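Participant: The structure under discussion is supplied below as C-alpha cells; questions concerning it will follow.
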Amino acid sequence: MRGLWQILKSTIFWSYERGTWQYDLAVVAIVAFVLLTPRSWFHDQPQVGLPVAPGLVTLISTEGATRTYRVDARILAPPTRTPELSNDLHKTLQRAVPELHGEKFEILRIESARDAQGVVTSYNVQVQR
C-alpha cells in the first residue's frame, strides 16, 4: 500500500526526473489527452456582447412558416462582414428563441434599423423553418 501511495504522490507532484520512463509515460498521457479528446466534450464559447435576455429578441410577425424577429444590436459583436452578421444572428436566434433551439432554419432577409444618428439599433431578421 505504501508503494502505491509513493507512485501516486510522485505522479501528482511530478517529481520524476526527465528521461525516466515514468516521466515519458506522463508526457505521453498528457499529449494523448490533448490530441484525442473530442471537441464535443468542451462547450466553452466566448460570450460576445450582452447575454441574451428575454426582451432583446422579440417576434414581430408570423406568416405561415416565415417569422420575423427583432434582434437588439447590443447583443451582437460589431459585424465587419455580412456572412459574420448572418452567422451571429443565427446563433443568437437559436439561443434566445425556444422554438428555434436545436431546429434547422434559414435566414431569408436581414434589415437593419437605425436611429437618428445612423447607428444600428436592431436587426429585423426574417427566418423560415
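Each chain in the C-alpha cells gets a letter, A, B, ..., in the order shown, and its residues are numbered from 1; ligands are numbered from 1 in order too.
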Give me, as a ChimeraX atom specification, the residues of region 2-32 of chain A that a backbone DSSP run labels alpha helix (DSSP H).

Facilitator: /A:2-12,21-32

Participant: Sorted by chain and rising residue number, list the residues of region 9-94 of chain A at most 10 Å from region 112-123 of chain A (counting only C-alpha atoms), each with its closest atom pair and distance in Å to one decimal, as CSV.

Facilitator:
residue,atom,partner,partner_atom,distance
A:Leu56,CA,A:Ser122,CA,9.1
A:Val57,CA,A:Ser122,CA,9.4
A:Thr68,CA,A:Tyr123,CA,9.9
A:Tyr69,CA,A:Tyr123,CA,8.0
A:Arg70,CA,A:Tyr123,CA,5.6
A:Val71,CA,A:Tyr123,CA,5.1
A:Asp72,CA,A:Ser122,CA,4.3
A:Ala73,CA,A:Ser122,CA,4.5
A:Arg74,CA,A:Thr121,CA,7.4
A:Ile75,CA,A:Ser122,CA,9.5
A:Leu76,CA,A:Ser122,CA,9.7
A:Pro78,CA,A:Val120,CA,9.9
A:Leu89,CA,A:Tyr123,CA,8.8

Participant: Using N, CA, C and O atoms, can you write the selected residues to a file as a PDB file, in the first residue's frame?

Facilitator:
ATOM      1  N   LEU A  56     -34.596  41.244 -25.560  1.00  0.00           N
ATOM      2  CA  LEU A  56     -33.687  41.658 -26.622  1.00  0.00           C
ATOM      3  C   LEU A  56     -33.971  40.978 -27.955  1.00  0.00           C
ATOM      4  O   LEU A  56     -33.494  41.432 -28.987  1.00  0.00           O
ATOM      5  N   VAL A  57     -34.736  39.896 -27.953  1.00  0.00           N
ATOM      6  CA  VAL A  57     -35.163  39.232 -29.187  1.00  0.00           C
ATOM      7  C   VAL A  57     -36.679  39.088 -29.099  1.00  0.00           C
ATOM      8  O   VAL A  57     -37.192  38.422 -28.199  1.00  0.00           O
ATOM      9  N   THR A  68     -40.642  36.802 -38.460  1.00  0.00           N
ATOM     10  CA  THR A  68     -39.721  37.925 -38.420  1.00  0.00           C
ATOM     11  C   THR A  68     -39.463  38.285 -36.957  1.00  0.00           C
ATOM     12  O   THR A  68     -40.405  38.480 -36.194  1.00  0.00           O
ATOM     13  N   TYR A  69     -38.185  38.346 -36.606  1.00  0.00           N
ATOM     14  CA  TYR A  69     -37.775  38.674 -35.242  1.00  0.00           C
ATOM     15  C   TYR A  69     -37.007  39.992 -35.251  1.00  0.00           C
ATOM     16  O   TYR A  69     -36.301  40.308 -36.214  1.00  0.00           O
ATOM     17  N   ARG A  70     -37.144  40.756 -34.161  1.00  0.00           N
ATOM     18  CA  ARG A  70     -36.320  41.956 -33.979  1.00  0.00           C
ATOM     19  C   ARG A  70     -35.250  41.591 -32.959  1.00  0.00           C
ATOM     20  O   ARG A  70     -35.554  41.179 -31.841  1.00  0.00           O
ATOM     21  N   VAL A  71     -33.978  41.723 -33.370  1.00  0.00           N
ATOM     22  CA  VAL A  71     -32.830  41.385 -32.523  1.00  0.00           C
ATOM     23  C   VAL A  71     -32.107  42.672 -32.181  1.00  0.00           C
ATOM     24  O   VAL A  71     -31.680  43.413 -33.082  1.00  0.00           O
ATOM     25  N   ASP A  72     -31.980  42.964 -30.899  1.00  0.00           N
ATOM     26  CA  ASP A  72     -31.280  44.160 -30.439  1.00  0.00           C
ATOM     27  C   ASP A  72     -29.810  44.061 -30.838  1.00  0.00           C
ATOM     28  O   ASP A  72     -29.158  43.040 -30.603  1.00  0.00           O
ATOM     29  N   ALA A  73     -29.274  45.111 -31.429  1.00  0.00           N
ATOM     30  CA  ALA A  73     -27.898  45.095 -31.941  1.00  0.00           C
ATOM     31  C   ALA A  73     -26.864  45.029 -30.821  1.00  0.00           C
ATOM     32  O   ALA A  73     -25.723  44.630 -31.056  1.00  0.00           O
ATOM     33  N   ARG A  74     -27.233  45.359 -29.597  1.00  0.00           N
ATOM     34  CA  ARG A  74     -26.267  45.348 -28.485  1.00  0.00           C
ATOM     35  C   ARG A  74     -25.806  43.956 -28.111  1.00  0.00           C
ATOM     36  O   ARG A  74     -24.763  43.796 -27.495  1.00  0.00           O
ATOM     37  N   ILE A  75     -26.578  42.916 -28.474  1.00  0.00           N
ATOM     38  CA  ILE A  75     -26.172  41.565 -28.095  1.00  0.00           C
ATOM     39  C   ILE A  75     -25.238  40.931 -29.109  1.00  0.00           C
ATOM     40  O   ILE A  75     -24.779  39.818 -28.913  1.00  0.00           O
ATOM     41  N   LEU A  76     -24.945  41.636 -30.186  1.00  0.00           N
ATOM     42  CA  LEU A  76     -24.032  41.126 -31.215  1.00  0.00           C
ATOM     43  C   LEU A  76     -22.723  41.891 -31.176  1.00  0.00           C
ATOM     44  O   LEU A  76     -22.684  43.060 -30.816  1.00  0.00           O
ATOM     45  N   PRO A  78     -19.754  43.896 -33.037  1.00  0.00           N
ATOM     46  CA  PRO A  78     -19.832  44.741 -34.229  1.00  0.00           C
ATOM     47  C   PRO A  78     -19.427  43.957 -35.472  1.00  0.00           C
ATOM     48  O   PRO A  78     -18.302  43.479 -35.565  1.00  0.00           O
ATOM     49  N   LEU A  89     -26.318  36.242 -36.012  1.00  0.00           N
ATOM     50  CA  LEU A  89     -27.768  36.309 -35.823  1.00  0.00           C
ATOM     51  C   LEU A  89     -28.370  34.904 -35.717  1.00  0.00           C
ATOM     52  O   LEU A  89     -29.284  34.670 -34.924  1.00  0.00           O
TER      53      LEU A  89
END

Participant: Between CA of Lys9 (chain A) and CA of Val34 (chain A), what is the distance, to one decimal in Å?

Facilitator: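 Separating CA of Lys9 (chain A) from CA of Val34 (chain A) is a distance of 22.7 Å.
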
Participant: One decimal, in Å: what's the spacing between CA of Trp5 (chain A) and CA of Ala29 (chain A)?

Facilitator: 19.7 Å

Participant: Extract, using only C-alpha atoms, all DNA, RNA and protein residues at most 8 Å from Phe105 (chain A), discarding same-chain residues fewer than 6 positions from it, and format them as a PyMOL selection string.

Facilitator: chain A and resi 127-129

Participant: List every residue of region 66-102 of chain A that DSSP, applied to the backbone of this structure, assigns to strand (DSSP E or B), and report them as a list in words.

Facilitator: Thr66, Arg67, Thr68, Tyr69, Arg70, Val71 and Asp72 of chain A
